[in-house]
Structures are given as C-alpha cells and as structure tokens.
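Student: Quick one, upload.cif (mmCIF, C-alpha atoms, pLDDT in the B column; chains and numbers go by the auth columns):
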```cif
data_input
#
loop_
_atom_site.group_PDB
_atom_site.id
_atom_site.type_symbol
_atom_site.label_atom_id
_atom_site.label_comp_id
_atom_site.label_asym_id
_atom_site.label_seq_id
_atom_site.Cartn_x
_atom_site.Cartn_y
_atom_site.Cartn_z
_atom_site.B_iso_or_equiv
_atom_site.auth_seq_id
_atom_site.auth_asym_id
ATOM 1 C CA MET A 1 0.000 0.000 0.000 98.00 19 Y
ATOM 2 C CA LYS A 2 0.975 3.625 -0.510 98.00 20 Y
ATOM 3 C CA LEU A 3 -0.226 6.754 1.250 98.00 21 Y
ATOM 4 C CA TYR A 4 -0.271 9.890 -0.890 98.00 22 Y
ATOM 5 C CA THR A 5 0.353 12.671 1.568 98.00 23 Y
ATOM 6 C CA THR A 6 1.806 16.128 2.117 97.00 24 Y
ATOM 7 C CA ASP A 7 3.533 17.773 5.067 93.00 25 Y
ATOM 8 C CA TYR A 8 1.531 20.994 4.617 86.00 26 Y
ATOM 9 C CA ALA A 9 -2.011 19.836 5.410 96.00 27 Y
ATOM 10 C CA PRO A 10 -3.786 18.562 8.538 97.00 28 Y
ATOM 11 C CA ASN A 11 -5.841 15.731 7.032 98.00 29 Y
ATOM 12 C CA PRO A 12 -2.852 13.731 5.737 98.00 30 Y
ATOM 13 C CA ARG A 13 -1.177 14.322 9.099 98.00 31 Y
ATOM 14 C CA ARG A 14 -4.119 12.627 10.822 98.00 32 Y
ATOM 15 C CA VAL A 15 -3.395 9.420 8.912 98.00 33 Y
ATOM 16 C CA ARG A 16 0.342 9.609 9.573 98.00 34 Y
ATOM 17 C CA TRP A 17 -0.474 10.036 13.271 98.00 35 Y
ATOM 18 C CA VAL A 18 -2.704 6.936 13.192 98.00 36 Y
ATOM 19 C CA MET A 19 0.126 5.029 11.521 98.00 37 Y
ATOM 20 C CA ALA A 20 2.629 6.249 14.107 98.00 38 Y
ATOM 21 C CA GLU A 21 0.398 5.244 17.033 98.00 39 Y
ATOM 22 C CA LYS A 22 -0.022 1.776 15.543 98.00 40 Y
ATOM 23 C CA GLY A 23 3.613 1.381 14.532 98.00 41 Y
ATOM 24 C CA ILE A 24 2.691 0.896 10.872 98.00 42 Y
ATOM 25 C CA THR A 25 5.860 0.947 8.802 97.00 43 Y
ATOM 26 C CA ASP A 26 4.945 -1.159 5.766 96.00 44 Y
ATOM 27 C CA ILE A 27 2.948 1.538 3.957 98.00 45 Y
ATOM 28 C CA GLY A 28 4.991 3.697 1.613 97.00 46 Y
ATOM 29 C CA LEU A 29 4.640 7.467 1.829 98.00 47 Y
ATOM 30 C CA VAL A 30 4.410 9.371 -1.450 98.00 48 Y
ATOM 31 C CA GLN A 31 4.842 13.117 -1.035 97.00 49 Y
ATOM 32 C CA ILE A 32 2.569 15.334 -3.142 97.00 50 Y
ATOM 33 C CA ASP A 33 3.592 18.982 -3.527 95.00 51 Y
ATOM 34 C CA ILE A 34 0.316 20.815 -3.000 94.00 52 Y
ATOM 35 C CA MET A 35 2.004 24.224 -3.038 90.00 53 Y
ATOM 36 C CA ASN A 36 2.814 23.527 -6.688 92.00 54 Y
ATOM 37 C CA LEU A 37 -0.734 22.158 -7.156 92.00 55 Y
ATOM 38 C CA GLU A 38 0.498 18.639 -7.916 94.00 56 Y
ATOM 39 C CA HIS A 39 -2.573 17.208 -6.155 94.00 57 Y
ATOM 40 C CA ARG A 40 -4.834 18.669 -8.844 93.00 58 Y
ATOM 41 C CA THR A 41 -3.272 16.643 -11.649 94.00 59 Y
ATOM 42 C CA HIS A 42 -1.828 13.534 -9.989 95.00 60 Y
ATOM 43 C CA PRO A 43 -3.338 10.404 -11.605 95.00 61 Y
ATOM 44 C CA VAL A 44 -3.674 8.392 -8.372 96.00 62 Y
ATOM 45 C CA VAL A 45 -5.309 11.268 -6.513 96.00 63 Y
ATOM 46 C CA ALA A 46 -7.684 11.733 -9.469 95.00 64 Y
ATOM 47 C CA LYS A 47 -8.979 8.175 -8.978 96.00 65 Y
ATOM 48 C CA THR A 48 -10.895 9.369 -5.909 96.00 66 Y
ATOM 49 C CA GLY A 49 -12.943 11.866 -7.910 95.00 67 Y
ATOM 50 C CA SER A 50 -11.502 14.674 -5.806 94.00 68 Y
ATOM 51 C CA SER A 51 -8.235 16.578 -5.674 93.00 69 Y
ATOM 52 C CA HIS A 52 -7.874 16.297 -1.904 95.00 70 Y
ATOM 53 C CA LEU A 53 -5.319 14.423 0.182 98.00 71 Y
ATOM 54 C CA PRO A 54 -4.728 11.966 1.763 98.00 72 Y
ATOM 55 C CA VAL A 55 -5.259 9.023 -0.549 98.00 73 Y
ATOM 56 C CA LEU A 56 -4.474 5.419 0.354 98.00 74 Y
ATOM 57 C CA GLU A 57 -3.684 3.250 -2.663 98.00 75 Y
ATOM 58 C CA LEU A 58 -4.218 -0.455 -2.044 98.00 76 Y
ATOM 59 C CA ASP A 59 -2.111 -3.197 -3.577 97.00 77 Y
ATOM 60 C CA ASP A 60 -4.781 -3.869 -6.212 97.00 78 Y
ATOM 61 C CA GLY A 61 -4.639 -0.251 -7.388 97.00 79 Y
ATOM 62 C CA SER A 62 -7.926 0.822 -5.817 97.00 80 Y
ATOM 63 C CA VAL A 63 -7.990 3.885 -3.572 98.00 81 Y
ATOM 64 C CA ILE A 64 -9.557 5.101 -0.335 98.00 82 Y
ATOM 65 C CA ALA A 65 -9.910 8.821 0.366 98.00 83 Y
ATOM 66 C CA GLU A 66 -10.836 10.865 3.484 98.00 84 Y
ATOM 67 C CA SER A 67 -8.630 10.712 6.544 98.00 85 Y
ATOM 68 C CA VAL A 68 -11.079 9.163 9.023 98.00 86 Y
ATOM 69 C CA ALA A 69 -12.177 6.533 6.496 98.00 87 Y
ATOM 70 C CA ILE A 70 -8.529 5.630 5.893 98.00 88 Y
ATOM 71 C CA GLY A 71 -7.989 5.487 9.645 98.00 89 Y
ATOM 72 C CA ARG A 72 -10.890 3.074 10.052 98.00 90 Y
ATOM 73 C CA TYR A 73 -9.524 0.867 7.296 98.00 91 Y
ATOM 74 C CA LEU A 74 -6.099 0.802 8.919 98.00 92 Y
ATOM 75 C CA GLU A 75 -7.672 -0.044 12.268 98.00 93 Y
ATOM 76 C CA SER A 76 -9.266 -3.114 10.690 98.00 94 Y
ATOM 77 C CA LEU A 77 -5.830 -4.284 9.530 98.00 95 Y
ATOM 78 C CA TYR A 78 -3.828 -3.115 12.542 98.00 96 Y
ATOM 79 C CA PRO A 79 -6.287 -3.267 15.455 98.00 97 Y
ATOM 80 C CA GLN A 80 -3.906 -2.260 18.235 98.00 98 Y
ATOM 81 C CA PRO A 81 -3.803 0.180 19.847 98.00 99 Y
ATOM 82 C CA ASN A 82 -7.505 0.774 19.425 98.00 100 Y
ATOM 83 C CA LEU A 83 -8.348 4.297 18.233 98.00 101 Y
ATOM 84 C CA PHE A 84 -11.998 3.940 17.170 98.00 102 Y
ATOM 85 C CA GLY A 85 -13.673 2.086 20.050 98.00 103 Y
ATOM 86 C CA HIS A 86 -13.820 -1.351 21.683 97.00 104 Y
ATOM 87 C CA ASP A 87 -17.596 -1.802 21.995 97.00 105 Y
ATOM 88 C CA ALA A 88 -20.818 -0.283 20.699 98.00 106 Y
ATOM 89 C CA ARG A 89 -21.044 2.475 23.316 97.00 107 Y
ATOM 90 C CA GLU A 90 -17.403 3.481 23.038 98.00 108 Y
ATOM 91 C CA ILE A 91 -17.562 3.462 19.241 98.00 109 Y
ATOM 92 C CA ALA A 92 -20.612 5.737 19.422 98.00 110 Y
ATOM 93 C CA ASP A 93 -18.957 8.141 21.883 98.00 111 Y
ATOM 94 C CA ILE A 94 -15.821 8.426 19.748 98.00 112 Y
ATOM 95 C CA GLU A 95 -17.894 8.911 16.584 98.00 113 Y
ATOM 96 C CA MET A 96 -20.028 11.551 18.304 98.00 114 Y
ATOM 97 C CA TRP A 97 -17.015 13.578 19.378 98.00 115 Y
ATOM 98 C CA THR A 98 -15.223 13.127 16.076 98.00 116 Y
ATOM 99 C CA ARG A 99 -18.239 14.485 14.173 98.00 117 Y
ATOM 100 C CA ARG A 100 -18.611 17.405 16.573 98.00 118 Y
ATOM 101 C CA LEU A 101 -14.952 18.252 16.217 98.00 119 Y
ATOM 102 C CA GLU A 102 -15.041 17.937 12.432 98.00 120 Y
ATOM 103 C CA GLN A 103 -18.114 20.142 12.038 98.00 121 Y
ATOM 104 C CA ARG A 104 -17.603 22.764 14.728 98.00 122 Y
ATOM 105 C CA LEU A 105 -13.833 23.027 15.091 98.00 123 Y
ATOM 106 C CA ALA A 106 -11.651 21.281 12.511 98.00 124 Y
ATOM 107 C CA THR A 107 -13.511 22.356 9.358 97.00 125 Y
ATOM 108 C CA PRO A 108 -13.873 26.000 10.449 98.00 126 Y
ATOM 109 C CA LEU A 109 -10.223 26.156 11.488 98.00 127 Y
ATOM 110 C CA MET A 110 -8.966 24.526 8.301 97.00 128 Y
ATOM 111 C CA LEU A 111 -11.110 26.672 5.992 96.00 129 Y
ATOM 112 C CA GLY A 112 -10.361 29.812 7.957 97.00 130 Y
ATOM 113 C CA THR A 113 -6.658 29.145 7.777 96.00 131 Y
ATOM 114 C CA ARG A 114 -6.745 28.522 4.031 94.00 132 Y
ATOM 115 C CA LEU A 115 -8.641 31.774 3.556 95.00 133 Y
ATOM 116 C CA LYS A 116 -6.414 33.876 5.797 94.00 134 Y
ATOM 117 C CA ALA A 117 -2.837 32.566 5.848 91.00 135 Y
ATOM 118 C CA ALA A 118 -0.778 34.382 3.205 87.00 136 Y
ATOM 119 C CA PRO A 119 1.412 31.353 2.336 86.00 137 Y
ATOM 120 C CA LEU A 120 -1.732 29.429 1.323 91.00 138 Y
ATOM 121 C CA ALA A 121 -3.038 31.997 -1.165 90.00 139 Y
ATOM 122 C CA VAL A 122 -1.942 29.695 -3.987 89.00 140 Y
ATOM 123 C CA LEU A 123 -4.582 27.217 -2.789 90.00 141 Y
ATOM 124 C CA GLU A 124 -7.448 29.551 -1.905 89.00 142 Y
ATOM 125 C CA THR A 125 -8.430 33.114 -2.774 92.00 143 Y
ATOM 126 C CA PRO A 126 -7.971 35.037 0.499 94.00 144 Y
ATOM 127 C CA ASN A 127 -11.111 36.204 2.286 96.00 145 Y
ATOM 128 C CA THR A 128 -10.338 37.613 5.713 95.00 146 Y
ATOM 129 C CA ALA A 129 -13.962 38.341 6.627 97.00 147 Y
ATOM 130 C CA VAL A 130 -15.055 34.741 6.087 97.00 148 Y
ATOM 131 C CA ALA A 131 -11.929 33.451 7.853 96.00 149 Y
ATOM 132 C CA ASP A 132 -12.638 35.612 10.902 97.00 150 Y
ATOM 133 C CA TYR A 133 -16.231 34.342 10.986 97.00 151 Y
ATOM 134 C CA MET A 134 -14.945 30.754 10.914 97.00 152 Y
ATOM 135 C CA PHE A 135 -12.492 31.465 13.724 98.00 153 Y
ATOM 136 C CA GLU A 136 -15.157 33.131 15.859 97.00 154 Y
ATOM 137 C CA GLY A 137 -17.329 30.018 15.673 97.00 155 Y
ATOM 138 C CA ALA A 138 -14.371 27.780 16.496 98.00 156 Y
ATOM 139 C CA ALA A 139 -13.511 29.975 19.493 97.00 157 Y
ATOM 140 C CA VAL A 140 -17.023 29.504 20.891 97.00 158 Y
ATOM 141 C CA PHE A 141 -16.682 25.738 20.564 98.00 159 Y
ATOM 142 C CA CYS A 142 -13.298 25.890 22.320 98.00 160 Y
ATOM 143 C CA ALA A 143 -14.951 27.136 25.504 97.00 161 Y
ATOM 144 C CA GLY A 144 -17.249 24.115 25.612 97.00 162 Y
ATOM 145 C CA LEU A 145 -14.392 21.781 24.825 98.00 163 Y
ATOM 146 C CA ASP A 146 -12.393 23.259 27.687 98.00 164 Y
ATOM 147 C CA ALA A 147 -15.244 22.496 30.086 98.00 165 Y
ATOM 148 C CA HIS A 148 -15.505 18.945 28.746 98.00 166 Y
ATOM 149 C CA LEU A 149 -11.785 18.360 29.288 98.00 167 Y
ATOM 150 C CA ALA A 150 -11.880 19.287 32.973 98.00 168 Y
ATOM 151 C CA GLY A 151 -10.506 16.250 34.799 96.00 169 Y
ATOM 152 C CA ARG A 152 -9.919 14.382 31.535 98.00 170 Y
ATOM 153 C CA ASP A 153 -6.732 13.517 29.667 98.00 171 Y
ATOM 154 C CA PHE A 154 -8.488 12.656 26.392 98.00 172 Y
ATOM 155 C CA ILE A 155 -11.617 13.789 24.595 98.00 173 Y
ATOM 156 C CA ALA A 156 -13.708 10.680 23.985 98.00 174 Y
ATOM 157 C CA ALA A 157 -12.290 7.776 26.006 97.00 175 Y
ATOM 158 C CA ASP A 158 -9.737 6.940 28.680 97.00 176 Y
ATOM 159 C CA ARG A 159 -6.994 6.885 26.023 98.00 177 Y
ATOM 160 C CA LEU A 160 -6.075 8.667 22.830 98.00 178 Y
ATOM 161 C CA THR A 161 -8.549 8.137 19.982 98.00 179 Y
ATOM 162 C CA ILE A 162 -9.164 9.487 16.512 98.00 180 Y
ATOM 163 C CA ALA A 163 -11.124 12.343 18.130 98.00 181 Y
ATOM 164 C CA ASP A 164 -7.965 13.643 19.819 98.00 182 Y
ATOM 165 C CA ILE A 165 -5.986 13.316 16.595 98.00 183 Y
ATOM 166 C CA VAL A 166 -8.588 15.224 14.549 98.00 184 Y
ATOM 167 C CA CYS A 167 -8.672 18.015 17.119 98.00 185 Y
ATOM 168 C CA ALA A 168 -4.915 18.376 17.639 98.00 186 Y
ATOM 169 C CA CYS A 169 -4.163 18.452 13.910 98.00 187 Y
ATOM 170 C CA ALA A 170 -6.710 21.221 13.395 98.00 188 Y
ATOM 171 C CA PHE A 171 -5.246 23.402 16.125 98.00 189 Y
ATOM 172 C CA ASP A 172 -1.720 22.916 14.832 98.00 190 Y
ATOM 173 C CA PHE A 173 -2.689 23.833 11.268 97.00 191 Y
ATOM 174 C CA ALA A 174 -4.482 26.978 12.441 97.00 192 Y
ATOM 175 C CA ARG A 175 -1.274 28.321 13.956 96.00 193 Y
ATOM 176 C CA ILE A 176 -0.294 29.287 10.397 94.00 194 Y
ATOM 177 C CA ALA A 177 -3.060 31.895 10.572 95.00 195 Y
ATOM 178 C CA ARG A 178 -2.177 32.794 14.180 94.00 196 Y
ATOM 179 C CA PHE A 179 -5.310 31.228 15.671 96.00 197 Y
ATOM 180 C CA ARG A 180 -4.881 30.278 19.328 95.00 198 Y
ATOM 181 C CA PRO A 181 -7.469 29.147 21.864 96.00 199 Y
ATOM 182 C CA ASP A 182 -7.980 31.775 24.545 95.00 200 Y
ATOM 183 C CA ASN A 183 -5.299 31.302 27.211 92.00 201 Y
ATOM 184 C CA SER A 184 -7.964 31.322 29.912 97.00 202 Y
ATOM 185 C CA LEU A 185 -9.044 27.857 28.731 98.00 203 Y
ATOM 186 C CA GLN A 186 -6.598 26.025 30.949 98.00 204 Y
ATOM 187 C CA ASP A 187 -7.884 22.477 30.518 98.00 205 Y
ATOM 188 C CA LEU A 188 -7.835 22.835 26.751 98.00 206 Y
ATOM 189 C CA GLU A 189 -4.332 24.304 26.961 98.00 207 Y
ATOM 190 C CA ARG A 190 -3.191 21.382 29.139 98.00 208 Y
ATOM 191 C CA TRP A 191 -4.661 18.818 26.741 98.00 209 Y
ATOM 192 C CA LEU A 192 -3.201 20.538 23.682 98.00 210 Y
ATOM 193 C CA GLY A 193 0.245 20.716 25.259 98.00 211 Y
ATOM 194 C CA ALA A 194 0.122 16.989 25.993 98.00 212 Y
ATOM 195 C CA MET A 195 -0.950 16.224 22.408 98.00 213 Y
ATOM 196 C CA ARG A 196 1.882 18.319 20.986 98.00 214 Y
ATOM 197 C CA ASP A 197 4.395 16.588 23.236 98.00 215 Y
ATOM 198 C CA ARG A 198 3.055 13.235 22.066 98.00 216 Y
ATOM 199 C CA ALA A 199 3.333 14.273 18.417 97.00 217 Y
ATOM 200 C CA LYS A 200 6.941 15.348 18.935 97.00 218 Y
ATOM 201 C CA THR A 201 7.744 11.974 20.476 97.00 219 Y
ATOM 202 C CA LEU A 202 6.158 10.229 17.483 96.00 220 Y
ATOM 203 C CA GLU A 203 7.930 12.645 15.093 94.00 221 Y
ATOM 204 C CA ILE A 204 4.777 13.608 13.195 92.00 222 Y
#
```
Once you've parsed the file, please lay out its structure as structure tokens.
Tutor:
Amino acid sequence: MKLYTTDYAPNPRRVRWVMAEKGITDIGLVQIDIMNLEHRTHPVVAKTGSSHLPVLELDDGSVIAESVAIGRYLESLYPQPNLFGHDAREIADIEMWTRRLEQRLATPLMLGTRLKAAPLAVLETPNTAVADYMFEGAAVFCAGLDAHLAGRDFIAADRLTIADIVCACAFDFARIARFRPDNSLQDLERWLGAMRDRAKTLEI
C-alpha cells in the first residue's frame, strides 16, 4: 500500500499520526507537492474523484480517500492500539465527538486558515472576513471543549482516539493563521500541550 500525503495539510497528518500510534511501517509514503498544485493533476489522486489528500492506494490499485475513512480501514488491519472504540457504546462516543470536532472546530479552522494565511493563497483566494467568521465560531466551541476536558486527559475515552488526533491536527494547522485558543481555557491548553508533546515523540 501507498499513502499519498503532504507535510503541509492537517488531514494527511491525521493518517500519519494513526500510523505512528499503531507502529505501521509497511505503507509507503508518497509526497505530493500541494504548493505547486500537484494534487490537482496527480493520476492516483484523481482516482478518488476529488483533488484532496490523503489518498491510500491499495495493492490492487484501488484507492480510499478521506482521513477518518482511511484510519478506520487501517484499524481493521492493525487493530492495536484501538483508536476507534472497543464496543458499541465506546464506538458511538468516539464517533459523536469526532463528528462534533469535524463540524464545529476542525472544518472551520482549516477553511479559515486557508482563507487567511498568506502562504496558502496559492490554494485559496484570500477572504479575511469569512476566515474571521470561521475562527469566531471555532472559538465559541473551544470554551465548551475546555469544560468537557476538565478532569480528563483525552476527549472521547480513557486513552487517545481518533477524536484527539482530529482536534490536535486542526489546532496545529491553524497556527499558520495565528489562531490560538484563549489562554484562559486552561484544561484545553493542558490537553493541547500533551498532544503536541506526544506528536513530537512520534515525530509527526
């Protein structure tokens, strides 16, 4: 298998983080230069019907797109450590938080960053007003997330799951546009610091 990825974007980083947690080393990484728009013309990426990364190419030449879908597929092949849930209730809790984070935090932060960060103008026509609106909504969600994290080390279970990975990658990407959670949100700050330390240890 091969993972078509880029170091510039948060969604491919999610999959690399899943691979690092699971110790997956037998999937080749193929770097796509999105700053030179290679993702818009690459033949393997085009198989998905979209120009977005990441893309996992299977040994038979078929492809899987979307970071969480790829993560689920990898979990089926490499079940430990578990990142998506052990039983029906845990699976539901992790899915619930992952969807909330995607809709109310990760997507606004990623779109806002693409619309505001000057280095990314090659990918998206800048629109500061829309970016600020996206960031305002994300900031509101951050306050609720801070309250949820009080007394907790992880978002959706008693261990790291895909929900934590989705959230941490979004925050890290948004630093390009100078978005930071309010420093009064101490539980969120504690959690984010721990996630960044973990990512450094995993070298992702």
Student: Pull out every residue that the PyMOL selection byres ((chain Y and resi 114-116) around 12) matches in the shown coordinates and put them as a ChimeraX atom specification.
Tutor: /Y:85-86,101-103,107-113,117-125,163,166,172-175,179-186
Student: Near Asn29 of chain Y, within 9 Å and counting all atoms listed in the file, which residues show up once chain neighbours fewer than 2 positions away are dropped, as an MDAnalysis selection string?
Tutor: chainID Y and resid 23 27 31:33 71:72 84:86 184 187:188
Student: So which one's closest to Asp25 of chain Y, Y:Asp51, Y:Asp176, Y:Glu56, Y:Glu93? Using all atoms listed in the file, please.
Tutor: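 Once distances to Asp25 of chain Y are computed over all atoms listed in the file, the minimum belongs to Y:Asp51.
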Student: Rounded to one decimal place, report the atom CA of Pro137 of chain Y-atom CA of Leu55 of chain Y distance in Å.
Tutor: 13.4 Å
Student: So how far away is atom CA of Asp215 of chain Y from atom CA of Leu74 of chain Y, in Å?
Tutor: 27.0 Å
Student: Pull segment 111-195 of chain Y out of the block and emit C-alpha atoms, as a compact mmCIF listing (two decimals), in the first residue's frame.
Tutor:
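Output file selection.txt follows:
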```
# COMPACT_ATOMS: atom_id res chain seq x y z
CA ASP Y 111 -18.96 8.14 21.88
CA ILE Y 112 -15.82 8.43 19.75
CA GLU Y 113 -17.89 8.91 16.58
CA MET Y 114 -20.03 11.55 18.30
CA TRP Y 115 -17.01 13.58 19.38
CA THR Y 116 -15.22 13.13 16.08
CA ARG Y 117 -18.24 14.49 14.17
CA ARG Y 118 -18.61 17.41 16.57
CA LEU Y 119 -14.95 18.25 16.22
CA GLU Y 120 -15.04 17.94 12.43
CA GLN Y 121 -18.11 20.14 12.04
CA ARG Y 122 -17.60 22.76 14.73
CA LEU Y 123 -13.83 23.03 15.09
CA ALA Y 124 -11.65 21.28 12.51
CA THR Y 125 -13.51 22.36 9.36
CA PRO Y 126 -13.87 26.00 10.45
CA LEU Y 127 -10.22 26.16 11.49
CA MET Y 128 -8.97 24.53 8.30
CA LEU Y 129 -11.11 26.67 5.99
CA GLY Y 130 -10.36 29.81 7.96
CA THR Y 131 -6.66 29.15 7.78
CA ARG Y 132 -6.74 28.52 4.03
CA LEU Y 133 -8.64 31.77 3.56
CA LYS Y 134 -6.41 33.88 5.80
CA ALA Y 135 -2.84 32.57 5.85
CA ALA Y 136 -0.78 34.38 3.21
CA PRO Y 137 1.41 31.35 2.34
CA LEU Y 138 -1.73 29.43 1.32
CA ALA Y 139 -3.04 32.00 -1.17
CA VAL Y 140 -1.94 29.70 -3.99
CA LEU Y 141 -4.58 27.22 -2.79
CA GLU Y 142 -7.45 29.55 -1.91
CA THR Y 143 -8.43 33.11 -2.77
CA PRO Y 144 -7.97 35.04 0.50
CA ASN Y 145 -11.11 36.20 2.29
CA THR Y 146 -10.34 37.61 5.71
CA ALA Y 147 -13.96 38.34 6.63
CA VAL Y 148 -15.06 34.74 6.09
CA ALA Y 149 -11.93 33.45 7.85
CA ASP Y 150 -12.64 35.61 10.90
CA TYR Y 151 -16.23 34.34 10.99
CA MET Y 152 -14.94 30.75 10.91
CA PHE Y 153 -12.49 31.47 13.72
CA GLU Y 154 -15.16 33.13 15.86
CA GLY Y 155 -17.33 30.02 15.67
CA ALA Y 156 -14.37 27.78 16.50
CA ALA Y 157 -13.51 29.97 19.49
CA VAL Y 158 -17.02 29.50 20.89
CA PHE Y 159 -16.68 25.74 20.56
CA CYS Y 160 -13.30 25.89 22.32
CA ALA Y 161 -14.95 27.14 25.50
CA GLY Y 162 -17.25 24.12 25.61
CA LEU Y 163 -14.39 21.78 24.83
CA ASP Y 164 -12.39 23.26 27.69
CA ALA Y 165 -15.24 22.50 30.09
CA HIS Y 166 -15.51 18.94 28.75
CA LEU Y 167 -11.78 18.36 29.29
CA ALA Y 168 -11.88 19.29 32.97
CA GLY Y 169 -10.51 16.25 34.80
CA ARG Y 170 -9.92 14.38 31.53
CA ASP Y 171 -6.73 13.52 29.67
CA PHE Y 172 -8.49 12.66 26.39
CA ILE Y 173 -11.62 13.79 24.60
CA ALA Y 174 -13.71 10.68 23.99
CA ALA Y 175 -12.29 7.78 26.01
CA ASP Y 176 -9.74 6.94 28.68
CA ARG Y 177 -6.99 6.88 26.02
CA LEU Y 178 -6.07 8.67 22.83
CA THR Y 179 -8.55 8.14 19.98
CA ILE Y 180 -9.16 9.49 16.51
CA ALA Y 181 -11.12 12.34 18.13
CA ASP Y 182 -7.97 13.64 19.82
CA ILE Y 183 -5.99 13.32 16.59
CA VAL Y 184 -8.59 15.22 14.55
CA CYS Y 185 -8.67 18.02 17.12
CA ALA Y 186 -4.92 18.38 17.64
CA CYS Y 187 -4.16 18.45 13.91
CA ALA Y 188 -6.71 21.22 13.40
CA PHE Y 189 -5.25 23.40 16.13
CA ASP Y 190 -1.72 22.92 14.83
CA PHE Y 191 -2.69 23.83 11.27
CA ALA Y 192 -4.48 26.98 12.44
CA ARG Y 193 -1.27 28.32 13.96
CA ILE Y 194 -0.29 29.29 10.40
CA ALA Y 195 -3.06 31.89 10.57
```
